[in-house]
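Report on one structure; see the data block that follows.
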Amino acid sequence: MSPPITSQSRYETVIGLEVHAQMRTRSKIFCGCATQFGAEANTQICPICAAFPGVLPVLNREVVNMAIKTGLAIQGQIRLLSEFSRKNYFYPDLPAGYQISQYELPIVEHGQLVIASPLDQGPKKIGITRIHMEVDAGKSLHEGIQGASWVDLNRTGTPLMEIVSEPDLRSAAEAGEYLKKLRAIVRYLGVCDGNMEEGSFRCDANVSIRLRGAPILGTRCELKNLNSIRNVMRAIDYEVERQIELIDNGDSVIQETRLWNADLNSSRAMRGKEDAHDYRYFPEPDLPPLRLTPERIAAVAATLPELPDAKAERFRTQYQLSDYDAGVLTASQELADYFEAVAQQAATLGQPNPKVAANWVMVELGGRLNKENWDIQQTPIPAHHLGQLVAMIQQGILSGKTAKELFEILFTEGGDPLQIVERKGLRQVTNSTAIEEAVDQVLAAHPEDVAQYHAGKTKVIGFLVGQIMKRTQGKANPALVNQLLQARLTRQE
Ligand SMILES: [Zn+2]
């Protein structure tokens with residue numbers, strides 16, 4: 001694969017993404033059928049979602065709330081009046097022969113997402129044109145019965161949000177960042193599980209190239225069948241290279257839909273890309289226009305959780321974490337909650353040092369989980385146990401080496417951290433002679449603080465303890481340090 005387009009190359013890549021996010025409602029968008037993934041084929045259907053003649057759809061209120069939530073989270077405008085339309089096309093897994101979607105009046109418009117752009121090396125705003133609600137189709141299956149295809153309609157009528165970006169993305173890497181951010185947001189909101197492998201968070205990419213600085217967009221191709229962020233990025237790189245080759249050879253790009261094949265690391269043309277007029281959209285006659293009140297939108301706004309950007313900002317100030325650490329730890333709600341529980345547990349047991357807690361969560365635990373191919377929800381170490389471990393490091397009970405030993409035991413066997421330390425003899429030998437030496441050295445080095453102490457400013461003791469801990473490389477037991485320091489100061493009086 002050739003290197004991605006850089007700022008030096010003749011061409012500029014233009015990418016817009018369409019994400020279909022399956023909403024995590026218990027029931028479908030227009031009927032009461034369950035939406036559970038993995039149920040036996042054709043067990044979650046009724047006359048409405050199977051599109052029997054004469055049935056009427058009834059809009060699921062929760063679907064609307066979730067769309068509003070998502071719209072607010074991307075700083076979009078929520079339309080007080082939106083409407084559903086019929087998008088007409090035939091497909092074996094679409095029993096109605098049309099999809100109920102939103103066309104001219106979508107529920108959300110003019111949003112945006114800020115990504116960390118690898119190209120610009122800084123934050124970059126990506127416009128979000130619209131979010132609309134629509135029904136999912138069923139699934140055509142081509143295996144199971146020899147020589148036959150069949151249809152599973154369980155998924156028909158499952159609510160989807162289509163989230164359409166502006167063509168603001170300029171590289172595969174930016175597309176990857178955008179998807180990670182968007183997925184984090186829908187997961188934080190609890191409106192979609194973001195699972196690309198199971199197809200509940202699907203992405204189509206519209207890709208074109210143009211000569212750098214050209215005022216109009218080049219002909220685009222739509223890429224489908226992208227079931228991971230990595231595949232989205234690979235498919236875009238491949239497509240850019242394909243289009244450059246075509247244009248450099250004097251050919252032109254044909255507007256079409258192309259299917260990505262991850263195994264072959266290439267794509268092939270699937271069909272000519274339709275334009276909107278091919279679908280003969282018209283307002284859905286079975287559903288009234290959707291009218292919202294400012295009060296309803298405000299009520300939904302009140303339920304919004306702290307979102308990734310805001311949380312990262314808080315982590316930077318509250319825990320003095322770097323941009324990088326704050327970004328990593330807020331990638332998911334679960335990871336952020338876990339880190340905060342570790343940091344708080346460590347803080348209640350000793351001197352709080354959130355950076356130490358952050359390192360243990362990201363480096364030690366993160367690395368170990370990666371090795372097992374587990375995510376944070378599957379961690380065998382409860383947060384309060386890791387918090388105890390961090391506290392014991394800060395108290396000088398554990399050295400870096402014994403902390404890792406304890407960590408491994410907690411990860412593989414579990415158990416109470418303090419009991420394990422005692423049982424395995426991991427506690428650092430506390431040598432009072434060595435600490436006394438450090439106390440003497442620190443007192444000799446800071447006569448003015450000692451004088452302040454004797455003048456009644458007992459607060460300086462915290463500073464002196466800190467200096468002694470530093471001198472003993474944090475290995476001294478803080479309780480013992482305190483005790484010896486107090487004794488020495490009293491003797492001086
Ligand atoms: Zn149904």
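If you're wondering about the labels, chains in the structure tokens are A, B, ... by order shown, residues count from 1 in each chain, ligands from 1 in order shown.
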ask   = Which residues form the shell of 12 Å around ligand 1 when you count only C-alpha atoms and all ligand atoms, given as number ranges by chain?
value = A: 26-35, 42-52, 55-58, 60, 135, 138, 153-159
key: All residues 9 Å or closer to stretch 407-421 of chain A, only C-alpha atoms, same chain fewer than 2 positions away omitted, as a count of residues only   = 22
query = Which residues, written as a PyMOL selection string, have at least one atom at most 12 Å from A:Ala444, with only C-alpha atoms counted and residues fewer than 6 positions away on the same chain left out?
reply = chain A and resi 437-438+450-451+464+467-468+488-489
request  = Check the DSSP output for the backbone and give back, as a PyMOL selection string, the residues of stretch 234-437 of chain A in alpha helix (DSSP H).
outcome  = chain A and resi 234-248+294-301+308-318+323-329+333-349+354-359+366-372+383-394+400-412+417-424+432-437
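From atom CA of A:Ile74 back to atom CA of A:Gly111, the distance works out to 5.3 Å.
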Write out as JSON lines a residue-level contact list of stretch 261-314 of chain A versus stretch 228-252 of chain A with cut-off 8 Å: for each qualifying residue the closest pair of atoms and the distance in Å to one decimal, counting only C-alpha atoms, rows sorted by chain and residue number upward.
```
{"residue": "A:Ala262", "atom": "CA", "partner": "A:Asn231", "partner_atom": "CA", "distance": 6.8}
{"residue": "A:Asn265", "atom": "CA", "partner": "A:Ala235", "partner_atom": "CA", "distance": 7.6}
{"residue": "A:Ser266", "atom": "CA", "partner": "A:Tyr238", "partner_atom": "CA", "distance": 6.8}
{"residue": "A:Ser267", "atom": "CA", "partner": "A:Ala235", "partner_atom": "CA", "distance": 7.4}
```
Skipping near chain neighbours, those fewer than 4 positions away, what residues fall within 12 Å of A:Asp337 using only C-alpha atoms, listed as a tab-separated table (two decimals) with C-alpha atoms, in the first residue's frame?
```tsv
chain	number	residue	atom	x	y	z
A	188	TYR	CA	-21.60	7.23	26.90
A	306	GLU	CA	-20.82	14.00	31.33
A	308	PRO	CA	-15.92	12.39	26.81
A	311	LYS	CA	-14.71	14.41	31.31
A	315	PHE	CA	-9.52	14.81	34.54
A	329	LEU	CA	-8.84	7.23	30.34
A	330	THR	CA	-12.03	8.79	29.00
A	331	ALA	CA	-12.21	6.62	25.87
A	332	SER	CA	-15.05	4.76	27.55
A	333	GLN	CA	-17.31	5.48	30.48
A	341	ALA	CA	-12.57	4.51	41.69
A	342	VAL	CA	-8.88	3.51	41.85
A	343	ALA	CA	-7.72	7.10	42.38
A	344	GLN	CA	-10.31	7.73	45.09
A	358	ALA	CA	-3.44	6.56	36.05
A	361	VAL	CA	-4.71	1.60	35.14
A	376	ILE	CA	-12.07	-3.09	31.16
A	377	GLN	CA	-15.45	-4.65	31.98
A	382	PRO	CA	-11.89	-4.75	41.28
A	383	ALA	CA	-11.05	-1.03	41.31
A	384	HIS	CA	-10.83	-0.81	45.11
```
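The two atoms in question, atom CA of A:Leu113 and atom CA of A:Gly127, are spaced 6.5 Å apart.
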message = Could you tell me how far atom CA of A:Glu40 sits from atom CA of A:Val151, in Å to one decimal place?
response = 12.1 Å
inquiry  = Nearest residue to A:Glu177 out of A:Thr70, A:Thr293, A:Gln77, A:Ser117, using only C-alpha atoms?
reply    =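 Of all the options, A:Ser117 lies closest to A:Glu177.
Candidate residues A:Val14, A:Ile209, A:Leu287, A:Cys221 were compared for distance to A:Ser82, and the nearest is A:Leu287, using only C-alpha atoms.
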Show which residues sit within 10 Å of A:Ala312, as a PDB file with N, CA and C atoms, in the first residue's frame. Count only C-alpha atoms, and ignore same-chain residues fewer than 4 positions away.
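File produced: around.pdb:
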```pdb
ATOM      1  N   GLU A 306     -22.053  13.297  31.669  1.00  0.00           N
ATOM      2  CA  GLU A 306     -20.822  14.005  31.330  1.00  0.00           C
ATOM      3  C   GLU A 306     -20.212  13.292  30.118  1.00  0.00           C
ATOM      4  N   LEU A 307     -19.936  14.041  29.060  1.00  0.00           N
ATOM      5  CA  LEU A 307     -19.469  13.431  27.807  1.00  0.00           C
ATOM      6  C   LEU A 307     -17.940  13.393  27.741  1.00  0.00           C
ATOM      7  N   PRO A 308     -17.378  12.616  26.801  1.00  0.00           N
ATOM      8  CA  PRO A 308     -15.916  12.387  26.810  1.00  0.00           C
ATOM      9  C   PRO A 308     -15.069  13.663  26.888  1.00  0.00           C
ATOM     10  N   ARG A 316      -8.080  16.496  33.513  1.00  0.00           N
ATOM     11  CA  ARG A 316      -6.864  17.310  33.441  1.00  0.00           C
ATOM     12  C   ARG A 316      -6.750  18.230  34.652  1.00  0.00           C
ATOM     13  N   THR A 317      -7.859  18.824  35.043  1.00  0.00           N
ATOM     14  CA  THR A 317      -7.776  19.783  36.154  1.00  0.00           C
ATOM     15  C   THR A 317      -7.854  19.078  37.509  1.00  0.00           C
ATOM     16  N   GLN A 318      -8.814  18.176  37.661  1.00  0.00           N
ATOM     17  CA  GLN A 318      -8.994  17.550  38.972  1.00  0.00           C
ATOM     18  C   GLN A 318      -7.843  16.620  39.344  1.00  0.00           C
ATOM     19  N   LEU A 321      -3.825  15.408  35.112  1.00  0.00           N
ATOM     20  CA  LEU A 321      -3.341  14.444  34.126  1.00  0.00           C
ATOM     21  C   LEU A 321      -2.985  15.167  32.827  1.00  0.00           C
ATOM     22  N   SER A 322      -2.105  14.563  32.048  1.00  0.00           N
ATOM     23  CA  SER A 322      -1.738  15.130  30.750  1.00  0.00           C
ATOM     24  C   SER A 322      -2.903  14.961  29.771  1.00  0.00           C
ATOM     25  N   ASP A 323      -2.852  15.690  28.653  1.00  0.00           N
ATOM     26  CA  ASP A 323      -3.874  15.550  27.609  1.00  0.00           C
ATOM     27  C   ASP A 323      -3.992  14.087  27.183  1.00  0.00           C
ATOM     28  N   TYR A 324      -2.816  13.478  27.018  1.00  0.00           N
ATOM     29  CA  TYR A 324      -2.796  12.104  26.520  1.00  0.00           C
ATOM     30  C   TYR A 324      -3.489  11.156  27.510  1.00  0.00           C
ATOM     31  N   ASP A 325      -3.077  11.228  28.782  1.00  0.00           N
ATOM     32  CA  ASP A 325      -3.658  10.350  29.797  1.00  0.00           C
ATOM     33  C   ASP A 325      -5.169  10.576  29.917  1.00  0.00           C
ATOM     34  N   ALA A 326      -5.568  11.849  29.939  1.00  0.00           N
ATOM     35  CA  ALA A 326      -6.990  12.162  30.078  1.00  0.00           C
ATOM     36  C   ALA A 326      -7.772  11.602  28.885  1.00  0.00           C
ATOM     37  N   GLY A 327      -7.164  11.672  27.691  1.00  0.00           N
ATOM     38  CA  GLY A 327      -7.818  11.150  26.487  1.00  0.00           C
ATOM     39  C   GLY A 327      -7.988   9.638  26.557  1.00  0.00           C
ATOM     40  N   VAL A 328      -6.931   8.960  26.965  1.00  0.00           N
ATOM     41  CA  VAL A 328      -6.980   7.492  27.035  1.00  0.00           C
ATOM     42  C   VAL A 328      -8.013   7.046  28.077  1.00  0.00           C
ATOM     43  N   LEU A 329      -7.986   7.685  29.238  1.00  0.00           N
ATOM     44  CA  LEU A 329      -8.838   7.229  30.344  1.00  0.00           C
ATOM     45  C   LEU A 329     -10.312   7.553  30.156  1.00  0.00           C
ATOM     46  N   THR A 330     -10.626   8.472  29.228  1.00  0.00           N
ATOM     47  CA  THR A 330     -12.032   8.790  29.001  1.00  0.00           C
ATOM     48  C   THR A 330     -12.560   8.165  27.711  1.00  0.00           C
ATOM     49  N   ALA A 331     -11.785   7.267  27.115  1.00  0.00           N
ATOM     50  CA  ALA A 331     -12.211   6.620  25.868  1.00  0.00           C
ATOM     51  C   ALA A 331     -13.523   5.874  26.065  1.00  0.00           C
ATOM     52  N   ALA A 336     -13.175   5.209  32.470  1.00  0.00           N
ATOM     53  CA  ALA A 336     -13.114   6.446  33.257  1.00  0.00           C
ATOM     54  C   ALA A 336     -13.601   6.192  34.687  1.00  0.00           C
TER      55      ALA A 336
END
```
task = Could you give me the residues within stretch 25-156 of chain A that DSSP places in strand (DSSP E), as a PyMOL selection string?
result = chain A and resi 77-78+81-82+85-88+98-101+108-117+122-135+139-141+150-152
Keeping only C-alpha atoms, write the selected residues to a file as a JSON list (two decimals), in the first residue's frame.
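Result file out_12.json:
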```
[["chain", "number", "residue", "atom", "x", "y", "z"],
["A", 77, "GLN", "CA", -30.03, 21.77, 16.26],
["A", 78, "ILE", "CA", -33.07, 19.73, 17.19],
["A", 81, "LEU", "CA", -40.94, 19.80, 13.37],
["A", 82, "SER", "CA", -39.58, 16.79, 11.53],
["A", 85, "SER", "CA", -40.65, 9.72, 4.57],
["A", 86, "ARG", "CA", -40.83, 6.58, 2.51],
["A", 87, "LYS", "CA", -37.67, 5.56, 0.73],
["A", 88, "ASN", "CA", -38.81, 3.18, -1.95],
["A", 98, "TYR", "CA", -39.94, 0.77, 1.27],
["A", 99, "GLN", "CA", -37.99, 1.95, 4.27],
["A", 100, "ILE", "CA", -39.51, 4.46, 6.67],
["A", 101, "SER", "CA", -36.82, 7.09, 7.07],
["A", 108, "VAL", "CA", -31.20, 16.84, 13.95],
["A", 109, "GLU", "CA", -29.18, 19.19, 11.76],
["A", 110, "HIS", "CA", -25.94, 21.20, 11.89],
["A", 111, "GLY", "CA", -23.95, 19.34, 14.52],
["A", 112, "GLN", "CA", -20.24, 18.92, 14.95],
["A", 113, "LEU", "CA", -17.60, 16.75, 16.53],
["A", 114, "VAL", "CA", -14.10, 17.77, 17.55],
["A", 115, "ILE", "CA", -11.41, 15.22, 16.81],
["A", 116, "ALA", "CA", -7.70, 15.13, 17.48],
["A", 117, "SER", "CA", -6.51, 15.34, 13.89],
["A", 122, "GLY", "CA", -4.46, 19.48, 16.83],
["A", 123, "PRO", "CA", -8.19, 19.63, 17.40],
["A", 124, "LYS", "CA", -10.34, 19.81, 14.27],
["A", 125, "LYS", "CA", -14.07, 20.36, 13.93],
["A", 126, "ILE", "CA", -15.92, 17.91, 11.71],
["A", 127, "GLY", "CA", -19.39, 19.04, 10.68],
["A", 128, "ILE", "CA", -22.33, 16.69, 11.10],
["A", 129, "THR", "CA", -24.92, 17.45, 8.46],
["A", 130, "ARG", "CA", -27.80, 15.59, 10.02],
["A", 131, "ILE", "CA", -29.09, 12.75, 12.13],
["A", 132, "HIS", "CA", -32.26, 11.04, 11.08],
["A", 133, "MET", "CA", -34.26, 8.11, 12.40],
["A", 134, "GLU", "CA", -35.18, 5.12, 10.26],
["A", 135, "VAL", "CA", -35.99, 1.43, 10.35],
["A", 139, "LYS", "CA", -31.07, -10.04, 6.89],
["A", 140, "SER", "CA", -30.73, -12.23, 3.84],
["A", 141, "LEU", "CA", -28.92, -15.42, 4.71],
["A", 150, "TRP", "CA", -33.66, -17.25, 3.17],
["A", 151, "VAL", "CA", -34.60, -14.21, 5.17],
["A", 152, "ASP", "CA", -34.50, -13.46, 8.90]]
```
task = Select, from A:Gln36, A:Asn65, A:Ser149, A:Asn370, the residue with the minimum atom-to-atom distance to A:Pro92, counting only C-alpha atoms.
result =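 Ranking A:Gln36, A:Asn65, A:Ser149, A:Asn370 by distance to A:Pro92, first place goes to A:Ser149.
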message = Residues near A:Ala214, anyone? I mean within 12 Å using only C-alpha atoms, not counting same-chain ones fewer than 3 positions away, as number ranges by chain.
response = A: 10-14, 209-211, 217-218
key: Pick from A:Leu17, A:Leu335, A:Ile68, A:Leu264, whichever lies nearest to A:Gln378 using only C-alpha atoms   = A:Leu335
